[in-house]
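Engineer: Please read through the structure below; I'll follow up with questions.
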Amino acid sequence: MAHRILIIDDEDDIREVAAMSLETVAGWEVMVADSGAQGLARAAMYKPDAILLDVMMPGMDGPTTFRELRKNPATAQIPVLFLTAKVQATDRRRFADLGIEAVLVKPFDPMTLSTQISSALGWN
Amino acid sequence: MADPSALAAAMQRLWVQFLPQMEQRVATLEAAAAALADGKLTAAQAGEATKAAHNLAGVLGTFGLTEGTTLAREAEPAYAAGLPIDPGLHARLAEIASHLRNLITTGA
């Protein structure tokens, strides 16, 4: 099944690699946003099946973006996975407490990124 | 499952596309290490070095340069801790910047 994924990340290299990976390996439809604000607008407009959200972004960071997504009825039910280079256990616990679906760690393997997302969301 | 060679080709194209900004991030770390050695590192420079190290840690391993991610992860907290930076780390931070330069020059 061709899922629709929104990637929100201010780093264009990560955004491009993740998008290419999901399109090439899994054949998914990928939309991208380079900021939390743009991500909120695109999530409401496109209603993706899941959102891959960077944690550390200038302006509206990942946790703030996540809370805004949950406030909007149009996006409140969309599963969100954090994508982060922060690998400390304390960070992971803090993210889990927010209510996100999963935390994926940067760097990721482009060959298996879609599998990680599918596993986390029970899409297998 | 995709053809691994198609993925590898796409990754190589993206590596070439984004190499200039990775070089810029390494240059930021080199400049910070040089300023540190001269006793002239500013808080703003340390902040830029923290961000550069964070970005490199996240992306280099994705291109297969896992050693680069390890090195950048070592540098990030040193700069993120703020000034003054432990003098015992000065030489190591310069070494890390140099290693990262060699890694990205060699390529993914």
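Each chain in the structure tokens gets a letter, A, B and so on, in the order shown; residues start at 1 in every chain, and ligands are counted from 1 in the order they appear.
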Using backbone DSSP assignments, extract all strand (DSSP E) residues from chain A; output them as a PyMOL selection string.

Structural biologist: chain A and resi 4-8+29-33+50-54+80-84+102-105

Engineer: May I have the residues from that selection written out with C-alpha atoms, as a PDB file, in the first residue's frame?

Structural biologist:
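File produced: again33.pdb:
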```
ATOM      1  CA  ARG A   4       1.387   9.208   2.326  1.00  0.00           C
ATOM      2  CA  ILE A   5       4.077  10.645   4.603  1.00  0.00           C
ATOM      3  CA  LEU A   6       4.858  14.202   5.606  1.00  0.00           C
ATOM      4  CA  ILE A   7       8.481  14.901   6.580  1.00  0.00           C
ATOM      5  CA  ILE A   8       9.040  18.035   8.666  1.00  0.00           C
ATOM      6  CA  GLU A  29       4.035   9.382  -1.524  1.00  0.00           C
ATOM      7  CA  VAL A  30       6.120  11.937   0.343  1.00  0.00           C
ATOM      8  CA  MET A  31       5.450  15.578   1.151  1.00  0.00           C
ATOM      9  CA  VAL A  32       8.004  17.782   2.876  1.00  0.00           C
ATOM     10  CA  ALA A  33       8.041  20.892   5.042  1.00  0.00           C
ATOM     11  CA  ALA A  50       1.910   9.682   9.252  1.00  0.00           C
ATOM     12  CA  ILE A  51       4.301  12.522  10.029  1.00  0.00           C
ATOM     13  CA  LEU A  52       8.059  12.208  10.461  1.00  0.00           C
ATOM     14  CA  LEU A  53       8.990  15.178  12.639  1.00  0.00           C
ATOM     15  CA  ASP A  54      12.438  16.546  13.472  1.00  0.00           C
ATOM     16  CA  VAL A  80       3.683  11.269  14.566  1.00  0.00           C
ATOM     17  CA  LEU A  81       7.178   9.821  14.780  1.00  0.00           C
ATOM     18  CA  PHE A  82      10.091  11.910  15.970  1.00  0.00           C
ATOM     19  CA  LEU A  83      13.287  11.792  13.954  1.00  0.00           C
ATOM     20  CA  THR A  84      16.177  12.925  16.102  1.00  0.00           C
ATOM     21  CA  ALA A 102       7.864   6.309  18.148  1.00  0.00           C
ATOM     22  CA  VAL A 103      11.319   7.837  18.105  1.00  0.00           C
ATOM     23  CA  LEU A 104      13.541   7.113  15.116  1.00  0.00           C
ATOM     24  CA  VAL A 105      17.208   7.956  15.437  1.00  0.00           C
TER      25      VAL A 105
END
```

Engineer: Would you kindly report the residues of chain B within 12 Å of chain A, using only C-alpha atoms, as number ranges by chain?

Structural biologist: B: 1-22, 51-70, 72-73, 76-77

Engineer: Any chance you could list, as number ranges by chain, the residues in segment 52-86 of chain B that come up alpha helix (DSSP H) when DSSP is run on the backbone?

Structural biologist: B: 52-59, 66-80

Engineer: Could you pull the residues within 12 Å of Ala37 of chain A, counting only C-alpha atoms, minus those fewer than 6 positions along the same chain, as a list of chain:residue names?

Structural biologist: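 The contact residues come out as A:Ile8, A:Asp9, A:Asp10, A:Ala43, A:Ala44, A:Leu53, A:Met57, A:Pro58, A:Gly59, A:Met60, A:Asp61, A:Gly62, A:Thr64, A:Thr65, A:Phe66, A:Glu68, A:Leu69.
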
Engineer: Output C-alpha atoms for every residue in that selection, as a CSV table (one decimal), in the first residue's frame.

Structural biologist:
```
chain,number,residue,atom,x,y,z
A,8,ILE,CA,9.0,18.0,8.7
A,9,ASP,CA,12.7,18.9,9.0
A,10,ASP,CA,14.7,22.1,8.7
A,43,ALA,CA,-0.5,18.4,7.6
A,44,ALA,CA,-3.9,20.1,7.7
A,53,LEU,CA,9.0,15.2,12.6
A,57,MET,CA,14.3,23.0,14.6
A,58,PRO,CA,14.7,26.8,14.9
A,59,GLY,CA,11.5,28.6,15.7
A,60,MET,CA,8.8,26.0,16.4
A,61,ASP,CA,10.6,22.9,17.5
A,62,GLY,CA,9.4,19.3,17.2
A,64,THR,CA,5.8,22.3,20.1
A,65,THR,CA,4.8,21.3,16.5
A,66,PHE,CA,3.5,18.0,17.9
A,68,GLU,CA,0.0,22.1,17.8
A,69,LEU,CA,-0.8,19.1,15.6
```
